[in-house]
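So this block is structure.cif, mmCIF, C-alpha atoms and all ligand atoms:
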```cif
data_my_file
loop_
_atom_site.group_PDB
_atom_site.id
_atom_site.type_symbol
_atom_site.label_atom_id
_atom_site.label_comp_id
_atom_site.auth_asym_id
_atom_site.auth_seq_id
_atom_site.Cartn_x
_atom_site.Cartn_y
_atom_site.Cartn_z
ATOM 1 C CA MET S 596 134.579 110.655 99.843
ATOM 2 C CA ASN S 597 131.798 108.224 98.870
ATOM 3 C CA TRP S 598 131.676 104.461 99.397
ATOM 4 C CA ASP S 599 131.332 102.030 96.544
ATOM 5 C CA LYS S 600 127.952 100.707 97.766
ATOM 6 C CA ASP S 601 127.855 97.511 95.690
ATOM 7 C CA ILE S 602 127.729 95.253 98.745
ATOM 8 C CA LEU S 603 124.358 96.779 99.712
ATOM 9 C CA ASN S 604 122.806 95.545 96.481
ATOM 10 C CA LYS S 605 123.337 91.917 97.493
ATOM 11 C CA ILE S 606 120.197 91.852 99.613
ATOM 12 C CA GLU S 607 117.839 91.822 96.634
ATOM 13 C CA PHE S 608 114.702 89.651 96.782
ATOM 14 C CA ASP S 609 114.814 86.432 94.782
ATOM 15 C CA ASN S 610 111.741 85.037 93.027
ATOM 16 C CA ILE S 611 109.164 87.688 93.937
ATOM 17 C CA SER S 612 105.662 86.238 93.515
ATOM 18 C CA ASN S 613 103.072 88.305 91.565
ATOM 19 C CA LEU S 614 105.876 90.580 90.431
ATOM 20 C CA GLU S 615 103.849 92.562 87.874
ATOM 21 C CA GLU S 616 101.129 93.390 90.448
ATOM 22 C CA LYS S 617 103.742 94.424 92.994
ATOM 23 C CA LYS S 618 105.444 96.654 90.418
ATOM 24 C CA LYS S 619 102.113 98.357 89.686
ATOM 25 C CA LEU S 620 101.420 98.837 93.395
ATOM 26 C CA GLY S 621 104.885 100.365 93.721
ATOM 27 C CA GLU S 622 104.177 102.817 90.910
ATOM 28 C CA THR S 623 100.816 103.726 92.503
ATOM 29 C CA ILE S 624 102.461 104.571 95.798
ATOM 30 C CA ALA S 625 105.360 106.432 94.169
ATOM 31 C CA ILE S 626 102.860 108.882 92.608
ATOM 32 C CA LYS S 627 101.770 109.940 96.120
ATOM 33 C CA VAL S 628 105.263 111.101 97.123
ATOM 34 C CA GLU S 629 105.743 114.871 97.483
ATOM 35 C CA ASP S 630 108.943 116.842 97.900
ATOM 36 C CA GLY S 631 109.920 117.380 101.551
ATOM 37 C CA GLN S 632 107.872 114.534 102.987
ATOM 38 C CA VAL S 633 108.851 112.060 105.701
ATOM 39 C CA ILE S 634 107.525 108.630 104.692
ATOM 40 C CA GLY S 635 107.354 105.360 106.631
ATOM 41 C CA PHE S 636 108.666 102.497 104.502
ATOM 42 C CA GLY S 637 107.323 98.981 105.199
ATOM 43 C CA SER S 638 109.138 95.701 104.587
ATOM 44 C CA GLY S 639 108.679 92.651 102.368
ATOM 45 C CA SER S 640 108.754 92.224 98.605
ATOM 46 C CA THR S 641 105.868 94.639 97.864
ATOM 47 C CA SER S 642 107.542 97.364 99.916
ATOM 48 C CA TYR S 643 110.806 96.498 98.176
ATOM 49 C CA MET S 644 109.199 97.162 94.770
ATOM 50 C CA ALA S 645 107.610 100.367 96.112
ATOM 51 C CA THR S 646 111.007 101.559 97.374
ATOM 52 C CA ILE S 647 112.511 101.046 93.915
ATOM 53 C CA ALA S 648 109.628 102.980 92.274
ATOM 54 C CA ILE S 649 109.975 105.842 94.786
ATOM 55 C CA ALA S 650 113.746 105.964 94.271
ATOM 56 C CA ASP S 651 113.179 106.328 90.516
ATOM 57 C CA ARG S 652 111.038 109.437 91.148
ATOM 58 C CA VAL S 653 113.461 110.822 93.726
ATOM 59 C CA LYS S 654 116.293 110.525 91.226
ATOM 60 C CA ALA S 655 114.386 111.762 88.153
ATOM 61 C CA GLU S 656 112.815 114.795 89.885
ATOM 62 C CA GLY S 657 115.478 115.568 92.499
ATOM 63 C CA LEU S 658 112.954 115.105 95.330
ATOM 64 C CA ASN S 659 114.148 115.544 98.876
ATOM 65 C CA ILE S 660 112.396 112.987 101.086
ATOM 66 C CA ILE S 661 113.244 111.087 104.262
ATOM 67 C CA ALA S 662 112.381 107.409 104.712
ATOM 68 C CA ILE S 663 111.718 105.794 108.078
ATOM 69 C CA PRO S 664 112.562 102.161 107.255
ATOM 70 C CA THR S 665 111.129 99.199 109.171
ATOM 71 C CA SER S 666 113.973 96.716 108.594
ATOM 72 C CA TYR S 667 117.663 96.473 107.772
ATOM 73 C CA GLU S 668 116.616 95.151 104.374
ATOM 74 C CA ILE S 669 114.719 98.315 103.434
ATOM 75 C CA LYS S 670 117.194 100.635 105.172
ATOM 76 C CA MET S 671 120.033 99.140 103.129
ATOM 77 C CA LEU S 672 117.991 99.358 99.933
ATOM 78 C CA CYS S 673 117.233 103.049 100.610
ATOM 79 C CA THR S 674 120.918 103.747 101.234
ATOM 80 C CA TYR S 675 121.878 101.921 98.041
ATOM 81 C CA LEU S 676 119.269 103.835 96.006
ATOM 82 C CA GLY S 677 120.137 107.237 97.483
ATOM 83 C CA ILE S 678 117.063 107.796 99.686
ATOM 84 C CA LYS S 679 117.925 109.435 103.007
ATOM 85 C CA THR S 680 116.790 107.541 106.115
ATOM 86 C CA ALA S 681 116.049 108.532 109.699
ATOM 87 C CA SER S 682 114.373 106.983 112.724
ATOM 88 C CA LEU S 683 111.151 107.790 114.559
ATOM 89 C CA THR S 684 113.146 109.493 117.292
ATOM 90 C CA GLU S 685 114.174 112.133 114.724
ATOM 91 C CA CYS S 686 110.977 112.721 112.743
ATOM 92 C CA LYS S 687 107.335 111.731 112.359
ATOM 93 C CA PRO S 688 106.005 110.272 109.098
ATOM 94 C CA ASP S 689 103.569 112.294 106.969
ATOM 95 C CA TRP S 690 102.305 108.901 105.827
ATOM 96 C CA SER S 691 103.502 105.317 105.478
ATOM 97 C CA PHE S 692 103.140 102.341 103.179
ATOM 98 C CA ASP S 693 103.551 98.629 103.802
ATOM 99 C CA GLY S 694 102.512 95.178 102.601
ATOM 100 C CA ALA S 695 100.543 92.495 104.423
ATOM 101 C CA ASP S 696 100.205 88.730 104.498
ATOM 102 C CA GLU S 697 96.424 88.711 105.015
ATOM 103 C CA VAL S 698 93.738 91.427 105.023
ATOM 104 C CA ASN S 699 90.071 90.877 105.918
ATOM 105 C CA ASN S 700 87.008 93.012 105.143
ATOM 106 C CA ASN S 701 87.437 95.026 108.384
ATOM 107 C CA LYS S 702 90.968 96.049 107.297
ATOM 108 C CA TRP S 703 92.460 93.846 110.019
ATOM 109 C CA LEU S 704 95.885 92.546 109.020
ATOM 110 C CA ILE S 705 98.301 89.732 109.644
ATOM 111 C CA LYS S 706 101.873 90.854 108.994
ATOM 112 C CA GLY S 707 105.333 89.641 109.921
ATOM 113 C CA ARG S 708 106.251 86.924 107.417
ATOM 114 C CA GLY S 709 109.494 88.894 107.154
ATOM 115 C CA GLY S 710 109.798 89.244 110.935
ATOM 116 C CA ALA S 711 109.628 93.053 110.835
ATOM 117 C CA MET S 712 106.272 93.592 112.575
ATOM 118 C CA PHE S 713 107.752 95.443 115.566
ATOM 119 C CA LYS S 714 108.921 98.463 113.559
ATOM 120 C CA GLU S 715 106.075 98.076 111.046
ATOM 121 C CA LYS S 716 103.531 98.535 113.819
ATOM 122 C CA LEU S 717 105.461 101.492 115.227
ATOM 123 C CA ASN S 718 105.416 103.225 111.835
ATOM 124 C CA ILE S 719 101.701 102.539 111.359
ATOM 125 C CA ALA S 720 100.892 103.797 114.860
ATOM 126 C CA ASN S 721 102.978 106.946 114.251
ATOM 127 C CA SER S 722 101.444 107.769 110.843
ATOM 128 C CA PRO S 723 98.203 109.635 110.159
ATOM 129 C CA ILE S 724 97.548 107.125 107.345
ATOM 130 C CA THR S 725 99.271 104.000 106.056
ATOM 131 C CA TYR S 726 98.620 102.574 102.600
ATOM 132 C CA ILE S 727 98.608 98.768 102.660
ATOM 133 C CA LEU S 728 99.603 97.448 99.252
ATOM 134 C CA ILE S 729 98.117 94.058 98.424
ATOM 135 C CA ASP S 730 97.913 91.789 95.415
ATOM 136 C CA LYS S 731 94.949 89.471 94.937
ATOM 137 C CA THR S 732 96.406 86.678 97.094
ATOM 138 C CA LYS S 733 96.201 88.729 100.314
ATOM 139 C CA LYS S 734 92.417 89.229 100.703
ATOM 140 C CA VAL S 735 90.784 86.667 103.046
ATOM 141 C CA SER S 736 87.321 86.157 104.524
ATOM 142 C CA ASN S 737 88.659 84.662 107.769
ATOM 143 C CA LEU S 738 91.818 86.238 109.157
ATOM 144 C CA GLY S 739 94.293 83.469 109.936
ATOM 145 C CA GLU S 740 93.062 81.125 107.206
ATOM 146 C CA LYS S 741 96.422 81.074 105.403
ATOM 147 C CA PHE S 742 98.987 82.513 107.826
ATOM 148 C CA LYS S 743 99.857 81.906 111.434
ATOM 149 C CA VAL S 744 100.167 84.971 113.696
ATOM 150 C CA PRO S 745 103.835 85.747 114.413
ATOM 151 C CA VAL S 746 104.603 86.651 118.016
ATOM 152 C CA GLU S 747 107.999 88.192 118.793
ATOM 153 C CA CYS S 748 109.120 87.396 122.323
ATOM 154 C CA VAL S 749 112.167 87.432 124.544
ATOM 155 C CA LEU S 750 113.992 84.069 124.377
ATOM 156 C CA GLU S 751 113.719 83.392 128.117
ATOM 157 C CA SER S 752 109.934 83.743 127.960
ATOM 158 C CA ILE S 753 109.078 81.223 125.230
ATOM 159 C CA ASN S 754 107.719 78.408 127.409
ATOM 160 C CA TYR S 755 105.490 80.764 129.392
ATOM 161 C CA VAL S 756 104.369 82.660 126.281
ATOM 162 C CA LYS S 757 103.536 79.366 124.545
ATOM 163 C CA GLN S 758 101.450 78.268 127.550
ATOM 164 C CA GLU S 759 99.520 81.584 127.587
ATOM 165 C CA LEU S 760 99.001 81.633 123.799
ATOM 166 C CA THR S 761 97.495 78.144 124.074
ATOM 167 C CA LYS S 762 95.025 79.469 126.682
ATOM 168 C CA LEU S 763 93.988 82.135 124.127
ATOM 169 C CA GLY S 764 93.204 79.416 121.569
ATOM 170 C CA GLY S 765 96.593 79.313 119.815
ATOM 171 C CA ARG S 766 97.553 75.964 118.261
ATOM 172 C CA ASP S 767 100.451 74.423 116.360
ATOM 173 C CA ILE S 768 102.932 76.866 117.935
ATOM 174 C CA THR S 769 106.373 76.729 116.325
ATOM 175 C CA LEU S 770 109.655 78.561 116.929
ATOM 176 C CA ARG S 771 110.616 80.219 113.627
ATOM 177 C CA LYS S 772 113.831 78.806 112.188
ATOM 178 C CA ALA S 773 116.517 80.884 110.538
ATOM 179 C CA VAL S 774 117.637 80.444 106.944
ATOM 180 C CA GLY S 775 121.375 80.782 106.407
ATOM 181 C CA LYS S 776 122.043 80.310 110.133
ATOM 182 C CA ASP S 777 121.567 77.352 112.470
ATOM 183 C CA GLY S 778 118.880 77.634 115.123
ATOM 184 C CA PRO S 779 116.065 80.171 115.518
ATOM 185 C CA ILE S 780 115.595 83.453 113.721
ATOM 186 C CA ILE S 781 116.886 86.309 115.856
ATOM 187 C CA THR S 782 114.951 89.493 115.131
ATOM 188 C CA GLU S 783 116.436 92.974 114.728
ATOM 189 C CA ASN S 784 115.536 93.469 118.408
ATOM 190 C CA SER S 785 117.490 90.301 119.407
ATOM 191 C CA ASN S 786 114.334 88.292 120.117
ATOM 192 C CA VAL S 787 112.759 85.104 118.729
ATOM 193 C CA ILE S 788 109.451 84.518 116.923
ATOM 194 C CA LEU S 789 106.697 82.018 117.733
ATOM 195 C CA ASP S 790 104.253 81.369 114.861
ATOM 196 C CA VAL S 791 100.767 80.553 116.143
ATOM 197 C CA LYS S 792 97.665 79.220 114.412
ATOM 198 C CA PHE S 793 94.411 80.916 115.490
ATOM 199 C CA GLU S 794 91.141 79.583 114.036
ATOM 200 C CA ASN S 795 88.990 82.420 115.324
ATOM 201 C CA ILE S 796 90.543 85.888 115.611
ATOM 202 C CA GLU S 797 88.465 88.292 117.697
ATOM 203 C CA GLU S 798 89.012 92.059 118.065
ATOM 204 C CA LYS S 799 90.502 91.726 121.566
ATOM 205 C CA LEU S 800 93.133 89.147 120.569
ATOM 206 C CA GLU S 801 95.887 91.616 119.623
ATOM 207 C CA LYS S 802 95.748 93.256 123.078
ATOM 208 C CA GLN S 803 95.480 89.906 124.844
ATOM 209 C CA ILE S 804 98.656 88.664 123.133
ATOM 210 C CA LYS S 805 100.507 91.924 123.852
ATOM 211 C CA SER S 806 99.667 91.677 127.564
ATOM 212 C CA ILE S 807 101.534 88.364 128.030
ATOM 213 C CA PRO S 808 104.812 89.019 129.902
ATOM 214 C CA GLY S 809 107.690 88.316 127.516
ATOM 215 C CA VAL S 810 105.798 89.287 124.346
ATOM 216 C CA VAL S 811 107.391 92.204 122.493
ATOM 217 C CA GLU S 812 104.957 92.475 119.564
ATOM 218 C CA SER S 813 102.634 90.424 117.393
ATOM 219 C CA GLY S 814 101.794 90.486 113.703
ATOM 220 C CA LEU S 815 98.099 91.145 114.361
ATOM 221 C CA PHE S 816 97.052 94.671 113.333
ATOM 222 C CA ILE S 817 93.484 95.434 114.399
ATOM 223 C CA GLY S 818 91.889 98.879 114.141
ATOM 224 C CA TYR S 819 94.771 100.947 112.743
ATOM 225 C CA ASN S 820 94.433 103.874 110.311
ATOM 226 C CA VAL S 821 95.058 102.009 107.097
ATOM 227 C CA GLU S 822 93.836 102.336 103.534
ATOM 228 C CA ILE S 823 93.990 99.203 101.422
ATOM 229 C CA LEU S 824 95.329 99.633 97.876
ATOM 230 C CA GLU S 825 94.620 96.518 95.832
ATOM 231 C CA CYS S 826 95.934 95.330 92.519
HETATM 232 C C1 LIG W 901 107.152 91.728 106.723
HETATM 233 C C2 LIG W 901 105.735 91.968 106.369
HETATM 234 C C3 LIG W 901 105.398 92.097 104.923
HETATM 235 O O1 LIG W 901 104.831 93.343 104.697
HETATM 236 C C4 LIG W 901 104.434 91.004 104.546
HETATM 237 O O2 LIG W 901 105.013 89.761 104.892
HETATM 238 C C5 LIG W 901 104.121 91.034 103.050
HETATM 239 O O3 LIG W 901 105.256 90.674 102.332
HETATM 240 P P1 LIG W 901 105.275 90.603 100.750
HETATM 241 O O4 LIG W 901 105.075 91.993 100.252
HETATM 242 O O5 LIG W 901 106.642 90.034 100.418
HETATM 243 O O6 LIG W 901 104.168 89.682 100.312
HETATM 244 O O7 LIG W 901 104.862 92.062 107.195
HETATM 245 O O8 LIG W 901 107.320 91.605 108.101
#
```

When written as structure tokens, how does the structure in this file appear?
Ligand code: 5RP
Amino acid sequence: MNWDKDILNKIEFDNISNLEEKKKLGETIAIKVEDGQVIGFGSGSTSYMATIAIADRVKAEGLNIIAIPTSYEIKMLCTYLGIKTASLTECKPDWSFDGADEVNNNKWLIKGRGGAMFKEKLNIANSPITYILIDKTKKVSNLGEKFKVPVECVLESINYVKQELTKLGGRDITLRKAVGKDGPIITENSNVILDVKFENIEEKLEKQIKSIPGVVESGLFIGYNVEILEC
């Protein structure tokens, strides 16, 4: 017996910015899909549009693919649209796609506006190649010029992590608030997120942040196998 899956459709994105560009990026990535592949699915509105475009091909051509989703949002969308999902413990991606908040000329990224950087980084690290889909607003000359760096950490560690991030040059450190719930955002790993302004992001910063006790992951992505697809 099958469920009526209508409830899953209630997680749709409202007011997607640069919608036409994101639709085109979605179509570009959907063309790359081949029958039998395992594909890492990123999160955010660009990945949302890409998931819809891929689902259209899956349905029209009867393709058999497996998605490794990076958030509940994308997992639920895949389930609603009829794309099978699995986790990294079951299979390894042939390739992945994702969005980004900022990309510089070295292909360094800031991600995590949607709070999904933990699984996004896992997918990227596990994939031979990840296509980063960006519209024109995402390219920057100085990484960090528009977005703070999100740092997911264990709740008990926030005072210590804040102190250590300040030593690394972090400023204006804020605990991310939830929408639709009082208090802080709680991530899919049951942690909280500190958003940190860095004026000058050097190559070693990602590792320095990760080495602070209490930090689970950051939204800095430096030196990964990514190809930038721009619209
Ligand atoms: C979520 C992310 C997203 O990929 C990033 O925020 C880009 O989102 P959008 O495609 O909505 O602009 O890192 O954690």

Next on the checklist: Which residue is closest to Leu603 (chain S)? Choose from S:Leu763, S:Val746, S:Leu800, S:Leu672 and count only C-alpha atoms.
Outcome noted: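 Distance minimum relative to Leu603 (chain S) lands on S:Leu672.
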
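One finds CA of Gly639 (chain S) at 14.7 Å from CA of Pro745 (chain S).
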
Item to check | Closest of S:Val735, S:Val628, S:Ile729, S:Ile669 to Asp689 (chain S) - atom-to-atom distances counting all atoms listed in the file | outcome: S:Val628

Item to check | Contacts of Phe742 (chain S) at 12 Å (all atoms listed in the file; same-chain gap of 4+ positions) as a ChimeraX atom specification | outcome: /S:695-698,704-708,732-735,737-738,767,790-794,796,814-815

Checklist entry - Which is closer to Pro779 (chain S) than all the others in S:Gly710, S:Gly739, S:Asp609, S:Glu797, using all atoms listed in the file? => result S:Gly710

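With distances taken over all atoms listed in the file, S:Ile788 is the one residue among S:Ile788, S:Ile602, S:Met671, S:Cys686 lying closest to ligand LIG 901 (chain W).
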
Next on the checklist: Calculated over all atoms listed in the file, which of the candidates S:Asp630, S:Glu812, S:Glu751, S:Asp599 has the smallest distance to ligand LIG 901 (chain W)?
Outcome noted: S:Glu812

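The nearest approach to Ser682 (chain S) among the residues S:Leu717, S:Leu658, S:Ala650, S:Ile823, with all atoms listed in the file taken into account, belongs to S:Leu717.
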
Checklist entry - Counting all atoms listed in the file, what is within 12 Å of Phe608 (chain S), bar same-chain residues fewer than 5 positions away, as a PyMOL selection string? => result chain S and resi 614+638-644+647+668-669+672+709

Using all atoms of region 678-684 of chain S listed in the file and a margin of 3 Å per side, can you give the axis-aligned box centre and edge lengths in Å to one decimal, as AutoDock Vina command-line options?
```
--center_x 114.5 --center_y 108.2 --center_z 108.5 --size_x 12.8 --size_y 8.5 --size_z 23.6
```

Some atoms are missing, so please complete region 609-620 of chain S with all heavy atoms and return it as an mmCIF file, in the coordinates of the input.
```
data_model
loop_
_atom_site.group_PDB
_atom_site.id
_atom_site.type_symbol
_atom_site.label_atom_id
_atom_site.label_comp_id
_atom_site.auth_asym_id
_atom_site.auth_seq_id
_atom_site.Cartn_x
_atom_site.Cartn_y
_atom_site.Cartn_z
ATOM 1 N N ASP S 609 114.832 87.414 95.871
ATOM 2 C CA ASP S 609 114.814 86.432 94.782
ATOM 3 C C ASP S 609 113.375 85.992 94.576
ATOM 4 O O ASP S 609 112.602 85.918 95.522
ATOM 5 C CB ASP S 609 115.638 85.184 95.155
ATOM 6 C CG ASP S 609 117.106 85.539 95.307
ATOM 7 O OD1 ASP S 609 117.573 86.408 94.554
ATOM 8 O OD2 ASP S 609 117.752 84.953 96.189
ATOM 9 N N ASN S 610 113.035 85.671 93.350
ATOM 10 C CA ASN S 610 111.741 85.037 93.027
ATOM 11 C C ASN S 610 110.542 85.730 93.684
ATOM 12 O O ASN S 610 109.831 85.123 94.476
ATOM 13 C CB ASN S 610 111.734 83.561 93.464
ATOM 14 C CG ASN S 610 112.908 82.814 92.889
ATOM 15 O OD1 ASN S 610 113.264 83.045 91.724
ATOM 16 N ND2 ASN S 610 113.535 81.964 93.688
ATOM 17 N N ILE S 611 110.320 86.976 93.367
ATOM 18 C CA ILE S 611 109.164 87.688 93.937
ATOM 19 C C ILE S 611 107.889 87.174 93.269
ATOM 20 O O ILE S 611 107.782 87.194 92.038
ATOM 21 C CB ILE S 611 109.311 89.213 93.732
ATOM 22 C CG1 ILE S 611 110.522 89.717 94.525
ATOM 23 C CG2 ILE S 611 108.041 89.946 94.133
ATOM 24 C CD1 ILE S 611 110.754 91.200 94.443
ATOM 25 N N SER S 612 106.925 86.719 94.082
ATOM 26 C CA SER S 612 105.662 86.238 93.515
ATOM 27 C C SER S 612 104.825 87.441 93.066
ATOM 28 O O SER S 612 104.965 88.536 93.605
ATOM 29 C CB SER S 612 104.883 85.443 94.576
ATOM 30 O OG SER S 612 104.625 86.281 95.678
ATOM 31 N N ASN S 613 103.957 87.240 92.073
ATOM 32 C CA ASN S 613 103.072 88.305 91.565
ATOM 33 C C ASN S 613 103.834 89.602 91.299
ATOM 34 O O ASN S 613 103.389 90.692 91.693
ATOM 35 C CB ASN S 613 101.931 88.563 92.555
ATOM 36 C CG ASN S 613 101.117 87.317 92.803
ATOM 37 O OD1 ASN S 613 100.785 86.597 91.869
ATOM 38 N ND2 ASN S 613 100.818 87.029 94.053
ATOM 39 N N LEU S 614 104.967 89.446 90.630
ATOM 40 C CA LEU S 614 105.876 90.580 90.431
ATOM 41 C C LEU S 614 105.214 91.756 89.708
ATOM 42 O O LEU S 614 105.385 92.910 90.108
ATOM 43 C CB LEU S 614 107.123 90.109 89.662
ATOM 44 C CG LEU S 614 108.185 91.174 89.397
ATOM 45 C CD1 LEU S 614 108.747 91.720 90.700
ATOM 46 C CD2 LEU S 614 109.322 90.600 88.552
ATOM 47 N N GLU S 615 104.440 91.461 88.653
ATOM 48 C CA GLU S 615 103.849 92.562 87.874
ATOM 49 C C GLU S 615 102.882 93.377 88.735
ATOM 50 O O GLU S 615 102.877 94.608 88.681
ATOM 51 C CB GLU S 615 103.150 92.027 86.615
ATOM 52 C CG GLU S 615 104.120 91.563 85.531
ATOM 53 C CD GLU S 615 105.262 92.566 85.242
ATOM 54 O OE1 GLU S 615 104.977 93.753 85.068
ATOM 55 O OE2 GLU S 615 106.437 92.142 85.236
ATOM 56 N N GLU S 616 102.066 92.676 89.552
ATOM 57 C CA GLU S 616 101.129 93.390 90.448
ATOM 58 C C GLU S 616 101.906 94.248 91.445
ATOM 59 O O GLU S 616 101.547 95.395 91.699
ATOM 60 C CB GLU S 616 100.258 92.401 91.236
ATOM 61 C CG GLU S 616 99.102 91.831 90.460
ATOM 62 C CD GLU S 616 99.357 90.380 90.099
ATOM 63 O OE1 GLU S 616 100.515 90.058 89.710
ATOM 64 O OE2 GLU S 616 98.422 89.585 90.183
ATOM 65 N N LYS S 617 102.969 93.685 91.986
ATOM 66 C CA LYS S 617 103.742 94.424 92.994
ATOM 67 C C LYS S 617 104.435 95.638 92.373
ATOM 68 O O LYS S 617 104.545 96.696 93.001
ATOM 69 C CB LYS S 617 104.732 93.478 93.695
ATOM 70 C CG LYS S 617 104.012 92.524 94.630
ATOM 71 C CD LYS S 617 104.901 91.490 95.278
ATOM 72 C CE LYS S 617 104.039 90.547 96.131
ATOM 73 N NZ LYS S 617 104.764 89.421 96.693
ATOM 74 N N LYS S 618 104.856 95.491 91.114
ATOM 75 C CA LYS S 618 105.444 96.654 90.418
ATOM 76 C C LYS S 618 104.409 97.759 90.272
ATOM 77 O O LYS S 618 104.678 98.928 90.524
ATOM 78 C CB LYS S 618 105.902 96.220 89.015
ATOM 79 C CG LYS S 618 107.357 95.844 88.936
ATOM 80 C CD LYS S 618 107.750 95.683 87.472
ATOM 81 C CE LYS S 618 109.091 94.986 87.410
ATOM 82 N NZ LYS S 618 109.360 94.390 86.115
ATOM 83 N N LYS S 619 103.183 97.358 89.866
ATOM 84 C CA LYS S 619 102.113 98.357 89.686
ATOM 85 C C LYS S 619 101.782 99.034 91.006
ATOM 86 O O LYS S 619 101.586 100.259 91.059
ATOM 87 C CB LYS S 619 100.848 97.672 89.147
ATOM 88 C CG LYS S 619 100.820 97.581 87.656
ATOM 89 C CD LYS S 619 99.422 97.200 87.162
ATOM 90 C CE LYS S 619 99.580 96.567 85.783
ATOM 91 N NZ LYS S 619 98.858 95.318 85.616
ATOM 92 N N LEU S 620 101.705 98.257 92.075
ATOM 93 C CA LEU S 620 101.420 98.837 93.395
ATOM 94 C C LEU S 620 102.522 99.829 93.776
ATOM 95 O O LEU S 620 102.259 100.896 94.335
ATOM 96 C CB LEU S 620 101.319 97.722 94.446
ATOM 97 C CG LEU S 620 100.055 96.859 94.375
ATOM 98 C CD1 LEU S 620 100.244 95.561 95.164
ATOM 99 C CD2 LEU S 620 98.834 97.615 94.901
#
```
